[in-house]
Structures are given as C-alpha cells and as structure tokens.
4 protein chains.
Amino acid sequence: MTLASDARTVQAAPAPGPAGRRRAGGKVRRMPREVRERQMLDAAVEVFARRGYRAASMDEIAELAGVSKPLVYLYLQSKEELFGACIRREAHALMEAVTAAVEPDAPADARLWNGLRAFFAHTADHPDGWALLSCQARTHGEPFTPVVAELRQQIVDVVTRLIAATCEDAGRAGAPADHEVSGLAHALVGAAESLAGWANSPTGAQPSAKETAATLMDVAWVGLENLVSGRRWSPTAPPPEDAP
Amino acid sequence: MTLASDARTVQAAPAPGPAGRRRAGGKVRRMPREVRERQMLDAAVEVFARRGYRAASMDEIAELAGVSKPLVYLYLQSKEELFGACIRREAHALMEAVTAAVEPDAPADARLWNGLRAFFAHTADHPDGWALLSCQARTHGEPFTPVVAELRQQIVDVVTRLIAATCEDAGRAGAPADHEVSGLAHALVGAAESLAGWANSPTGAQPSAKETAATLMDVAWVGLENLVSGRRWSPTAPPPEDAP
Amino acid sequence: MTLASDARTVQAAPAPGPAGRRRAGGKVRRMPREVRERQMLDAAVEVFARRGYRAASMDEIAELAGVSKPLVYLYLQSKEELFGACIRREAHALMEAVTAAVEPDAPADARLWNGLRAFFAHTADHPDGWALLSCQARTHGEPFTPVVAELRQQIVDVVTRLIAATCEDAGRAGAPADHEVSGLAHALVGAAESLAGWANSPTGAQPSAKETAATLMDVAWVGLENLVSGRRWSPTAPPPEDAP
Amino acid sequence: MTLASDARTVQAAPAPGPAGRRRAGGKVRRMPREVRERQMLDAAVEVFARRGYRAASMDEIAELAGVSKPLVYLYLQSKEELFGACIRREAHALMEAVTAAVEPDAPADARLWNGLRAFFAHTADHPDGWALLSCQARTHGEPFTPVVAELRQQIVDVVTRLIAATCEDAGRAGAPADHEVSGLAHALVGAAESLAGWANSPTGAQPSAKETAATLMDVAWVGLENLVSGRRWSPTAPPPEDAP
DNA sequence: GATGAATGAGAGTTCATTCAT
DNA sequence: GATGAATGAACTCTCATTCAT
C-alpha cells in the first residue's frame with residue numbers, strides 16, 4: 001500500500017543531511033521541488049479542511065508549508081489548481097487504501113468487512129483529507145465541484161459493486177432492484193462517513209477502526225442479507241397513507 | 001405543524017392590500033418587520049445554499065430579498081448572525097417536522113418509520129435548508145458550527161432513544177452496550193443524511209420520501225432487531241489480525 | 001464649447017454649501033455620483049499621463065481623487081475601463097474643441113488656421129489629456145490599443161479632410177494622390193504634436209497657441225499650396241540611387 | 001556604418017564551431033560575453049517594444065534570449081539598466097545611420113533629403129528600436145527619460161543647424177528669429193516621427209523610405225525656403241482676436 | 001559561469017460594513 | 001424606515017530580484 005499522503009512532511013523534521021545544509025536559524029532551504037510540493041499539498045489539505053475552500057487563504061497555506069506565497073504559485077499555479085491537486089491526492093490515497101485491502105477473490109462479506117476496516121482506518125489516519133472529500137465536496141457553486149463529485153462517486157461505485165456481488169453470492173430470488181442497490185450504497189457510505197466522523201470526534205469513546213467497522217457490519221450485514229434474500233420490512237400496522 | 005420556512009416569500013407577489021400601500025413605482029413599502037425579516041432569511045438561505053457561506057455576498061442576498069443592504073444589517077446585524085439565524089430556523093423547522101411525525105406512544109419501529117418519512121419529506125421539500133444544515137454548516141471552524149453540531153446531536157439523541165426503546169421492547173439478553181447504541185445511532189443518521197442528499201440530487205431516480213425511508217428501513221430495521229437480540233456478524237474466517 | 005473636461009475638479013475647493021455639510025476635518029463627503037466620477041477621471045488622466053498605463057496604480061489615482069479605492073471600482077469597474085473612459089473623454093474634448101473652432105464655410109486656409117489654433121490651445125490647456133492620447137496611444141500589447149488608435153485616427157481624418165478641401169479649392173492639376181494626402185496629414189499632425197510638446201515643455205520660450213500655430217502655418221501652408229498646384233521638390237543633383 | 005543592432009542574434013542558430021563547444025543536449029555554452037550580451041539586448045528590445053516597459057517581464061526576455069534570468073542580472077544589473085542599455089544602443093544606431101548619410105559639405109537641401117531618407121530607412125528596418133525610442137521611452141517619468149530626451153534633442157539640434165544653414169545659404173532679409181527656427185525644427189522632427197510611425201504601421205500603403213522622405217520634403221522644403229526669405233502666411237481676413 | 005530555488009513588495013480587486021441623509 | 005455613498009481590510013496573484021549550489 002503505497003499512499004502518497006502517508007509521507008506527511010508538514011512540520012516534519014527534515015533529514016539532517018550533511019552539516020552545512022542547515023542555516024544557523026535551523027531553517028532548511030532549497031529543497032528539491034518534489035519535497036516542497038508535498039509539503040505544500042500537506043499544508044493545503046490541512047488548511048482547506050479547517051477553513052473550507054473560500055475561507056482558506058493562500059497566505060495561511062504558505063506559512064504552514066514553511067514557504068513563501070510566490071513559491072506556492074510557482075509550483076501549483078492557482079488556488080483552484082491547488083485545491084484540485086489536494087482533492088485528487090486524497091481521493092486517490094483513500095481509494096488505494098480501500099482497494100488494497102479488498103481481496104478480489106474473498107467472499108462478499110469478507111470484502112465488505114475488510115473494505116470497511118480499511119476505510120475507517122484511513123479516514124481516522126487522514127481526518128483532513130476525509131474532511132475535504134466529505135464536506136467540501138458538496139459545496140455548490142465552486143468551479144471544482146464536478147471533480148470532487150466524481151471522486152466521491154467512485155467510492156460509492158466501489159460499494160455498489162460490493163453489494164451487487166453480495167446479491168450474486170446469494171440466490172436470485174427477490175434481489176433488490178438497481179435503484180435499491182444504489183440507495184443502499186449511499187446509505188452505507190453515509191453511515192460510514194458519519195461513523196468516521198463520530199469515531200474521530202474528540203468527544204466519546206474513540207473506538208478503533210475495527211470496532212467501528214464491526215458496529216457497521218453488525219447492523220448492515222444482516223440487513224443486507226435479508227434484503228438480498230427478498231425479505232423487506234413492512235409496517236405491521238400500516239400507517240395511514242396521508243404522507244408522501 | 002407551523003414551520004416558519006413554509007411561508008416562503010421570496011419574490012412572491014405580495015398581496016396587494018388596500019390602495020395607498022403601494023407607491024407609484026409599484027414597490028411595496030413599510031411591510032411589517034416580521035415579513036421583511038422572513039423575506040431576508042428566505043433569500044439568505046437560498047444564496048447561502050447556492051454559493052456557500054464565504055462566497056455568498058450580502059449584496060446578492062439583499063437584492064434577492066428586494067431590500068437595501070443597510071436594512072439587512074439593521075435587522076440581522078451581520079453576515080454571521082444572518083447565517084446563524086438561517087441555520088437556527090432551518091434546524092428548528094426540520095426538528096419540528098420530524099418530532100411532529102413521531103407519535104410518542106407508537107411502537108418503536110413505527111416511530112422510526114414515521115420519523116424517517118418525515119425527515120426525507122422535509123429535506124426533499126426544503127433542499128436549500130437541508131444543504132445549509134448538511135454541508136455549509138459543517139465546513140467552517142466559525143462560531144456557528146456549534147449550532148449545527150447541537151442540532152445534529154439532537155437528532156442523534158432522538159434516534160438513540162429510539163434504539164434504546166427497541167432494546168427494551170425486546171428482551172434483555174445480549175443488548176448492545178451504550179457506546180454501541182451510540183455508534184448505531186450515528187450510523188443511522190449518517191445513512192439518512194446521505195440518502196437525503198442522494199434522493200434530492202438531480203441525477204438518478206428521484207425516489208419519493210416513502211421509498212427512501214423504506215430503503216433505509218429494509219436494511220436497518222432487521223439489523224437493529226438482530227443486534228438487539230444479541231446476534232452479531234463475525235468473520236467466518238477471521239482475517240489475520242494485522243490491521244488496527 | 002462645452003467640454004466635459006473643462007470642469008476640472010481635482011483638488012478644487014468644493015462649493016461650500018450650507019454649514020454642516022463639512023466635517024471638522026474639512027473633507028467633504030457624500031458628493032453626488034456625477035461629481036465624484038469626474039474627480040476620478042481627472043485624477044486618472046493625470047496619473048495615467050504621468051506614469052503610463054501599467055505603471056499607474058489605482059491607489060495613486062484614488063488618493064489623488066480624494067476617495068478610497070473601492071469607490072473607484074464601484075463607479076468605473078476596472079483599471080482598463082477607467083483608462084478607456086479617460087481616453088474617450090479626452091479624445092472627445094479635443095475633437096470638440098477643434099471642430100468647434102472650424103467654421104465649415106470658411107476658406108481652407110482659415111479653417112486650417114483656426115483648427116490649428118484650437119488644437120494648440122486645447123493641448124496646452126490639457127497637457128495630461130494630450131499626453132494620454134499621443135503617447136499611451138501607441139503602446140502596443142495593451143488591450144485598449146485599438147480604441148486609442150481609432151480616436152487618434154479620427155483626428156488624422158479631420159486633418160485629411162482639411163487638406164483635401166484645400167486641394168479642391170485649388171485647381172485640379174497635379175493634385176496629390178490619396179496616399180500622399182494621408183502622408184501629409186500624418187506629417188502635419190506629427191508636427192503639431194511635436195510643437196504642442198515643445199510649446200508646453202518647461203524649457204524654452206513658452207510660445208502662445210497663436211504663435212505656435214503661426215509657426216506651423218508658415219512652413220506648412222506654402223508647402224501645401226505648392227503641392228496642391230503640383231509642384232514638387234526634387235533633388236537638383238539627384239543622389240546616387242543606392243539607398244532604398 | 002557599424003551599427004550594433006545590425007548584428008541581430010536572437011534565435012539565430014549559432015555557428016557550430018569546433019567540436020567540444022557543444023554539450024550533448026545541443027545547447028551551446030560559454031559564449032563570449034559580448035555575444036551573450038547582444039543576444040540579451042536584442043531580446044530585450046523586442047520584448048520592450050512589444051509589451052512596453054512595465055508589462056515586459058524579465059522572464060520573457062531571458063527566455064527569448066535563451067539564457068537564464070540570473071545571467072541577465074549578472075550582465076545588465078536590473079530591468080531599468082537593461083532598458084537604458086536598449087535605449088542607448090538604439091538611439092546610437094539611429095544617430096549613426098542619419099549622420100553617416102549626411103555629407104557635411106553638401107548643400108542644405110541635399111543634407112536634409114539624405115538625412116530624412118536615412119531616418120526613414122533606419123526606422124523602417126528597426127521597427128522595435130524605433131518603437132522603443134518613440135513610444136516607450138517618453139511615457140515614464142522614470143530615470144531613463146533624460147536619455148531619450150537627449151537623443152531627441154540631438155536630432156532637433158542637427159535639424160536646427162540644417163535650417164540655420166539654409167538661412168545662411170539664402171540672403172539675410174527676413175530671416176526667422178531663433179525661437180522660430182527652434183519651433184520649425186521641432187515641427188520637422190515631429191512630422192518625421194509621425195511619418196515614420198505611419199510608414200511602418202501595418203495598415204496603409206507601406207511606402208518606401210524614399211517616398212516617405214519625398215512626401216515630407218515636398219511640403220517642408222518650399223515652406224522652409226519661403227520662411228527663410230522672409231515670407232509668412234497671414235490670414236487674409238484676420239480672425240477676431242478672441243482666442244489666445 | 002550558469003542555474004534551480006526562493007522571496008519581499010506590491011498590484012488589482014472584492015466584500016462586509018457603516019455613515020449621513 | 002430606508003438608502004445612496006463610502007471605506008478598511010483582506011484576498012489572489014505577479015514580478016523584479018537574489019541566494020546557494
């Protein structure tokens with residue numbers, strides 16, 4: 001699992017290198033471009049997550065990255081491009097983490113289980129990246145909305161495929177319709193998102209990724225199995241049909 | 001059910017009223033403060049939802065509300081207060097809608113079912129309000145985040161109580177621990193939120209509130225029942241314990 | 001002769017008005033939009049003339065106009081639009097001044113004479129405006145170049161018509177070809193421009209517009225008459241034909 | 001006639017030279033300083049002419065010259081110095097071209113004629129240099145204005161001497177006063193400048209240097225002769241003395 | 001000698017906010 | 001009560017210029 005964003009470098013103590021490469025003040029200068037760029041992306045993800053796209057200022061990003069603003073522009077062109085680069089990197093990292101954890105030949109429930117664990121583990125490790133993908137993604141009106149929406153859709157698609165696979169593992173009778181599967185996928189992803197936020201929130205029990213995944217599996221898997229085998233919940237005493 | 005935001009007034013042709021209340025130019029003046037304020041809030045919700053908090057401009061809000069900018073400030077103090085007022089109004093309306101639909105004495109599944117239906121119906125009817133609550137409000141580290149967090153907590157609490165009630169309806173054996181209940185509640189709320197967004201998204205099947213609620217009930221209720229009776233999912237072939 | 005730019009207001013002491021309209025500091029606020037706009041244009045013409053388009057800063061313009069920068073943007077949109085407005089105003093004023101001085105029914109030489117006097121008088125009175133038209137106009141690469149070029153062309157066209165009229169007043173024989181007339185017009189305008197600059201330059205005799213016009217008439221009119229009647233200068237001892 | 005700017009080197013494929021002076025990459029290194037400097041000046045003249053002083057960027061100049069930016073600074077100190085060097089080189093080249101064409105012992109009209117032809121030929125051959133001298137340099141109140149002003153004064157002085165010589169060739173009667181001569185010289189130079197711009201402009205007849213010079217001689221020489229012999233134009237019906 | 005890496009300073013532009021009528 | 005006039009502060013972005021290798 002090679003995740004670009006694993007190599008966080010913000011504020012990280014740089015490799016000392018030979019004596020003389022440090023200034024008296026301790027600030028290392030003249031890093032290779034690749035390293036600087038990663039530092040900037042790290043800082044940008046953090047600031048974008050904390051403030052939102054509009055409220056984030058390039059000044060703050062540059063300062064957090066430990067470079068001057070013009071350098072950010074030199075390497076990453078504009079605020080919009082910078083944001084796009086952040087989104088792409090974080091989405092890619094998350095997808096990598098999840099797909100790497102899912103063995104294609106395992107049974108459906110094992111795949112879901114492993115995928116969920118990887119998802120919760122990754123979002124717990126990269127809360128800022130997850131904040132970017134889950135919150136900023138839905139903000140309307142900004143020029144990058146389509147990009148984010150597409151990356152989010154990729155995640156939903158993976159889950160959709162998982163559920164569809166589950167259906168195929170089971171018998172055919174009463175299999176849910178396509179739009180039901182789609183709805184389920186969104187429900188599952190939403191539940192996972194919410195749990196990720198809850199698990200990472202400072203208040204509360206701070207459960208591990210495994211516990212969180214188990215909680216979700218407990219409630220979702222049986223429900224899924226039920227659904228797949230055609231059983232549905234129905235109101236025992238059907239409510240009056242007044243509401244939409 | 002008296003929801004403030006039901007009485008949308010943006011751009012609506014005002015009731016003419018007695019002669020003399022209109023100017024020659026056709027613009028109605030001297031509306032009662034309450035009405036003006038609602039107009040402003042309606043406009044603000046729309047603009048905030050469309051653009052996001054930072055990108056929304058007071059100019060656009062004032063223009064959409066049909067009033068001058070200083071009046072907006074006279075009534076609502078500042079952009080931040082205005083946003084807070086929007087959030088409070090929309091949150092209150094949503095809570096009202098949901099709680100009004102839940103009969104306290106009904107069985108647990110009926111309460112959940114009715115609550116979900118009301119939730120999906122309301123969010124579908126007030127997409128701007130829902131966009132505010134679900135997206136814009138979470139983004140910013142700004143001072144209104146607590147308001148939204150509180151609303152969300154209220155909803156989670158309601159659901160938590162529902163689940164707890166379900167547990168009590170069932171026997172005691174294997175009842176989930178408190179933190180499990182909490183996690184379940186968050187999962188359920190997240191699933192509902194995600195479904196609401198999906199159901200309202202322009203792409204896709206545009207299911208009715210009832211269908212959406214059914215989708216969620218199908219997967220969640222059986223899972224809940226299972227959980228309540230102490231059954232858990234567990235990996236049939238336990239994966240190697242390498243991950244957290 | 002009603003020239004917009006005659007009513008210069010930069011730094012002008014504003015009409016006092018009733019007591020109480022001045023602040024203690026003496027700065028008058030809340031002028032009608034029209035007045036403020038003229039102030040800004042005056043300041044902009046001065047700064048653009050002094051620094052050139054690119055080197056002129058909106059800060060300096062705003063300060064010279066005695067207003068804040070946002071007001072300049074509120075009224076005049078952008079630097080480019082502001083420059084365009086300056087060019088248009090100054091070109092219009094110059095054209096007005098010249099055409100107003102030329103009686104259409106007068107003989108050709110009288111028209112040229114009066115036109116030149118008006119030209120020199122106006123450029124002497126509005127050196128900044130003239131600097132804008134004559135210098136900035138030729139700067140390449142800027143987005144407004146076509147506009148300035150067109151306005152400059154209008155001036156050349158007026159002179160061209162004057163010369164053509166002179167030709168018609170004279171007999172037909174040996175009348176100069178069209179492209180010769182065009183060249184003459186450019187030569188005359190260039191001479192006038194140069195004289196205007198010389199007449200306004202701090203060094204030297206500071207001749208009046210009338211004297212300047214006389215100097216130009218002395219050399220140009222006889223030349224013109226000669227040309228019109230078909231006489232040309234030719235090298236008495238023709239130089240070897242090696243040069244282009 | 002040795003004009004520095006004749007040896008244009010921009011983008012020119014350098015003479016290969018002995019093996020070993022090229023790198024593997026094909027880029028020639030270690031050119032003699034003189035050559036490098038000329039390349040830079042050529043590039044700078046082109047970019048300054050195209051964009052104007054302020055809009056020209058050192059990046060673009062360095063790139064066009066095919067060298068790195070620090071090298072430009074090493075050789076030419078600063079943007080301002082670089083611009084000054086361009087102006088000086090182009091001004092020197094123009095003066096050389098004109099003075100080389102004027103035989104000191106020829107009669108006055110021949111000297112004027114040859115000088116004008118050389119002027120128009122040179123400006124036509126070096127449009128960028130001429131653009132620099134005629135437009136960019138006048139605009140700015142910056143420190144290189146004196147350089148251009150001095151060049152211009154040199155030209156005016158030459159013309160002034162020509163006119164004075166013409167006066168001496170003719171009789172003394174009615175010879176123009178000194179300030180008249182000065183004015184005439186400015187008018188002539190301005191006319192020539194304007195014609196140079198017109199002759200080089202993309203629109204229009206694109207006349208040759210000889211034709212352009214002839215056009216100017218036709219109108220100016222007779223005027224000069226007239227003036228020298230004391231004849232003046234005067235309004236046949238003197239206009240009312242209302243204007244300055 | 002030549003250059004990739006880096007920046008201080010300042011540009012145009014926008015916006016929430018407040019007077020003074 | 002309602003508004004046209006006005007601004008301080010901040011933002012994105014660019015550029016001439018210099019190190020350190």
# chains A, B, ... in the order shown; residues from 1 in each chain; ligands from 1
>>> interface_residues(of="chain A", to="chain F", cutoff="10 Å", atoms="only C-alpha atoms (C1' of nucleotides)", output="list in words")
Arg21, Arg29, Arg30, Ala55, Ser57, Met58, Asp59, Lys69, Pro70, Tyr73, Gln77, Ser78 and Lys79 of chain A
>>> write_last_selection(atoms="C-alpha atoms", output="PDB file, in the first residue's frame")
ATOM      1  CA  ARG A  21      22.981  22.267   4.700  1.00  0.00           C
ATOM      2  CA  ARG A  29      16.323  25.936   2.303  1.00  0.00           C
ATOM      3  CA  ARG A  30      16.498  24.772  -1.259  1.00  0.00           C
ATOM      4  CA  ALA A  55     -12.122  30.862   3.735  1.00  0.00           C
ATOM      5  CA  SER A  57      -6.117  31.821   2.460  1.00  0.00           C
ATOM      6  CA  MET A  58      -3.052  31.180   0.403  1.00  0.00           C
ATOM      7  CA  ASP A  59      -1.091  33.101   2.993  1.00  0.00           C
ATOM      8  CA  LYS A  69       3.458  32.527  -1.223  1.00  0.00           C
ATOM      9  CA  PRO A  70       5.055  33.016  -4.646  1.00  0.00           C
ATOM     10  CA  TYR A  73       2.004  29.816  -7.066  1.00  0.00           C
ATOM     11  CA  GLN A  77      -0.450  27.741 -10.352  1.00  0.00           C
ATOM     12  CA  SER A  78      -3.542  28.934  -8.507  1.00  0.00           C
ATOM     13  CA  LYS A  79      -5.778  28.338  -5.569  1.00  0.00           C
TER      14      LYS A  79
END
>>> residues_around(residues="segment 218-220 of chain B", least_positions_apart="6", cutoff="7 Å", atoms="only C-alpha atoms (C1' of nucleotides)", output="number ranges by chain")
A: 219-220, 223-224, 227, 232-233
>>> select_by_dssp(residues="segment 73-235 of chain C", states="alpha helix (DSSP H)", output="ChimeraX atom specification")
/C:73-76,79-101,108-125,127-134,145-169,178-200,209-228
>>> closest_atom_pairs(of="chain A", to="chain B", cutoff="7 Å", atoms="only C-alpha atoms", output="CSV")
residue,atom,partner,partner_atom,distance
A:Arg50,CA,B:Gly141,CA,6.4
A:Arg51,CA,B:His140,CA,5.2
A:Gly52,CA,B:Thr139,CA,5.7
A:Arg54,CA,B:Arg54,CA,5.8
A:Ala55,CA,B:Arg54,CA,6.3
A:Ala110,CA,B:Pro235,CA,6.8
A:Cys135,CA,B:Cys135,CA,6.1
A:Arg138,CA,B:Cys135,CA,6.3
A:Thr139,CA,B:Gly52,CA,6.3
A:His140,CA,B:Arg50,CA,5.8
A:Gly141,CA,B:Arg51,CA,5.1
A:His179,CA,B:Ala205,CA,7.0
A:Glu180,CA,B:Thr215,CA,6.7
A:Gly183,CA,B:Leu195,CA,6.7
A:Leu184,CA,B:Thr215,CA,7.0
A:His186,CA,B:Ser194,CA,5.9
A:Ala187,CA,B:Ala191,CA,4.1
A:Leu188,CA,B:Ala191,CA,6.1
A:Gly190,CA,B:Ala191,CA,4.4
A:Ala191,CA,B:Ala187,CA,4.1
A:Ala192,CA,B:Ala187,CA,6.6
A:Glu193,CA,B:Gly190,CA,6.7
A:Ser194,CA,B:Gly190,CA,4.7
A:Leu195,CA,B:Ala187,CA,5.6
A:Ser208,CA,B:Pro244,CA,6.8
A:Ala209,CA,B:Pro244,CA,6.4
A:Lys210,CA,B:Pro244,CA,6.2
A:Thr215,CA,B:Glu180,CA,6.7
A:Met217,CA,B:Trp233,CA,6.5
A:Asp218,CA,B:Trp233,CA,5.1
A:Val219,CA,B:Gly223,CA,4.1
A:Ala220,CA,B:Gly223,CA,6.0
A:Val222,CA,B:Gly223,CA,5.3
A:Gly223,CA,B:Val219,CA,4.1
A:Leu224,CA,B:Val219,CA,5.9
A:Leu227,CA,B:Val219,CA,6.7
A:Arg232,CA,B:Asp218,CA,5.3
A:Trp233,CA,B:Asp218,CA,5.0
A:Pro235,CA,B:Ala110,CA,6.8
A:Pro244,CA,B:Lys210,CA,6.2
>>> closest_atom_pairs(of="chain E", to="chain C", cutoff="10 Å", atoms="only C-alpha atoms (C1' of nucleotides)", output="tab-separated table")
residue	atom	partner	partner_atom	distance
E:DG10	C1'	C:Ser57	CA	9.9
E:DA11	C1'	C:Ser57	CA	7.6
E:DG12	C1'	C:Met58	CA	7.7
E:DT13	C1'	C:Tyr73	CA	8.1
E:DT14	C1'	C:Pro70	CA	8.4
E:DC15	C1'	C:Pro70	CA	9.7
E:DC19	C1'	C:Arg30	CA	9.5
E:DA20	C1'	C:Arg30	CA	8.0
E:DT21	C1'	C:Arg30	CA	9.4
>>> write_last_selection(atoms="N, CA, C and O atoms (P, O5', C5', C4', C3', O3' and C1' of nucleotides)", output="PDB file, in the first residue's frame")
ATOM      1  P    DG E  10       6.619  48.123  -1.622  1.00  0.00           P
ATOM      2  O5'  DG E  10       5.461  48.045  -2.707  1.00  0.00           O
ATOM      3  C5'  DG E  10       5.826  47.764  -4.055  1.00  0.00           C
ATOM      4  C4'  DG E  10       4.665  47.118  -4.763  1.00  0.00           C
ATOM      5  C3'  DG E  10       3.317  47.826  -4.541  1.00  0.00           C
ATOM      6  O3'  DG E  10       2.760  48.133  -5.799  1.00  0.00           O
ATOM      7  C1'  DG E  10       3.106  45.498  -4.331  1.00  0.00           C
ATOM      8  P    DA E  11       1.748  49.279  -5.943  1.00  0.00           P
ATOM      9  O5'  DA E  11       0.765  48.608  -6.993  1.00  0.00           O
ATOM     10  C5'  DA E  11       1.307  48.160  -8.230  1.00  0.00           C
ATOM     11  C4'  DA E  11       0.443  47.044  -8.778  1.00  0.00           C
ATOM     12  C3'  DA E  11      -1.049  47.350  -8.711  1.00  0.00           C
ATOM     13  O3'  DA E  11      -1.448  47.895  -9.957  1.00  0.00           O
ATOM     14  C1'  DA E  11      -0.553  45.118  -7.945  1.00  0.00           C
ATOM     15  P    DG E  12      -2.830  48.636  -9.997  1.00  0.00           P
ATOM     16  O5'  DG E  12      -3.861  47.419 -10.047  1.00  0.00           O
ATOM     17  C5'  DG E  12      -3.903  46.628 -11.213  1.00  0.00           C
ATOM     18  C4'  DG E  12      -4.896  45.497 -11.039  1.00  0.00           C
ATOM     19  C3'  DG E  12      -6.350  45.964 -10.984  1.00  0.00           C
ATOM     20  O3'  DG E  12      -7.149  45.026 -11.692  1.00  0.00           O
ATOM     21  C1'  DG E  12      -5.796  44.833  -8.986  1.00  0.00           C
ATOM     22  P    DT E  13      -8.667  45.380 -11.958  1.00  0.00           P
ATOM     23  O5'  DT E  13      -9.403  44.707 -10.713  1.00  0.00           O
ATOM     24  C5'  DT E  13      -9.224  43.289 -10.490  1.00  0.00           C
ATOM     25  C4'  DT E  13      -9.875  42.890  -9.181  1.00  0.00           C
ATOM     26  C3'  DT E  13     -11.301  43.430  -8.970  1.00  0.00           C
ATOM     27  O3'  DT E  13     -12.197  42.332  -9.066  1.00  0.00           O
ATOM     28  C1'  DT E  13      -9.986  43.506  -6.980  1.00  0.00           C
ATOM     29  P    DT E  14     -13.730  42.612  -8.963  1.00  0.00           P
ATOM     30  O5'  DT E  14     -13.992  42.227  -7.437  1.00  0.00           O
ATOM     31  C5'  DT E  14     -13.416  41.034  -6.951  1.00  0.00           C
ATOM     32  C4'  DT E  14     -13.805  40.824  -5.500  1.00  0.00           C
ATOM     33  C3'  DT E  14     -15.265  41.173  -5.165  1.00  0.00           C
ATOM     34  O3'  DT E  14     -15.786  40.104  -4.392  1.00  0.00           O
ATOM     35  C1'  DT E  14     -13.804  42.295  -3.692  1.00  0.00           C
ATOM     36  P    DC E  15     -17.341  40.028  -4.155  1.00  0.00           P
ATOM     37  O5'  DC E  15     -17.427  40.248  -2.587  1.00  0.00           O
ATOM     38  C5'  DC E  15     -16.349  39.785  -1.770  1.00  0.00           C
ATOM     39  C4'  DC E  15     -16.554  40.261  -0.354  1.00  0.00           C
ATOM     40  C3'  DC E  15     -18.002  40.643  -0.045  1.00  0.00           C
ATOM     41  O3'  DC E  15     -18.333  40.194   1.242  1.00  0.00           O
ATOM     42  C1'  DC E  15     -16.585  42.471   0.383  1.00  0.00           C
ATOM     43  P    DC E  19     -20.407  54.211  11.993  1.00  0.00           P
ATOM     44  O5'  DC E  19     -20.444  55.744  11.594  1.00  0.00           O
ATOM     45  C5'  DC E  19     -21.581  56.200  10.904  1.00  0.00           C
ATOM     46  C4'  DC E  19     -21.164  56.968   9.682  1.00  0.00           C
ATOM     47  C3'  DC E  19     -21.942  58.255   9.560  1.00  0.00           C
ATOM     48  O3'  DC E  19     -21.107  59.277   9.083  1.00  0.00           O
ATOM     49  C1'  DC E  19     -22.412  56.820   7.718  1.00  0.00           C
ATOM     50  P    DA E  20     -21.393  60.714   9.671  1.00  0.00           P
ATOM     51  O5'  DA E  20     -22.391  61.340   8.603  1.00  0.00           O
ATOM     52  C5'  DA E  20     -22.057  61.259   7.227  1.00  0.00           C
ATOM     53  C4'  DA E  20     -23.243  61.665   6.371  1.00  0.00           C
ATOM     54  C3'  DA E  20     -24.128  62.742   6.994  1.00  0.00           C
ATOM     55  O3'  DA E  20     -24.580  63.583   5.954  1.00  0.00           O
ATOM     56  C1'  DA E  20     -25.415  60.816   6.611  1.00  0.00           C
ATOM     57  P    DT E  21     -25.372  64.871   6.338  1.00  0.00           P
ATOM     58  O5'  DT E  21     -26.753  64.621   5.586  1.00  0.00           O
ATOM     59  C5'  DT E  21     -26.714  64.392   4.194  1.00  0.00           C
ATOM     60  C4'  DT E  21     -27.852  63.476   3.807  1.00  0.00           C
ATOM     61  C3'  DT E  21     -29.223  64.148   3.788  1.00  0.00           C
ATOM     62  O3'  DT E  21     -29.601  64.327   2.437  1.00  0.00           O
ATOM     63  C1'  DT E  21     -29.296  61.917   4.600  1.00  0.00           C
TER      64       DT E  21
END
>>> closest_residue(among="B:Gly115, B:Asp157, B:Leu162, B:Glu60", to="Val72 of chain B", atoms="only C-alpha atoms")
B:Glu60
>>> atom_distance(atom1="atom CA of Arg89 of chain D", atom2="atom CA of Leu41 of chain D")
8.7 Å
>>> atom_distance(atom1="atom CA of Thr160 of chain B", atom2="atom CA of Ala91 of chain B")
18.6 Å
>>> atom_distance(atom1="atom CA of Trp130 of chain D", atom2="atom CA of Gln153 of chain C")
20.3 Å
>>> residues_around(residues="DG1 of chain E", least_positions_apart="6", cutoff="12 Å", atoms="only C-alpha atoms (C1' of nucleotides)", output="MDAnalysis selection string")
chainID D and resid 29:33 67:68 70:71 74:75
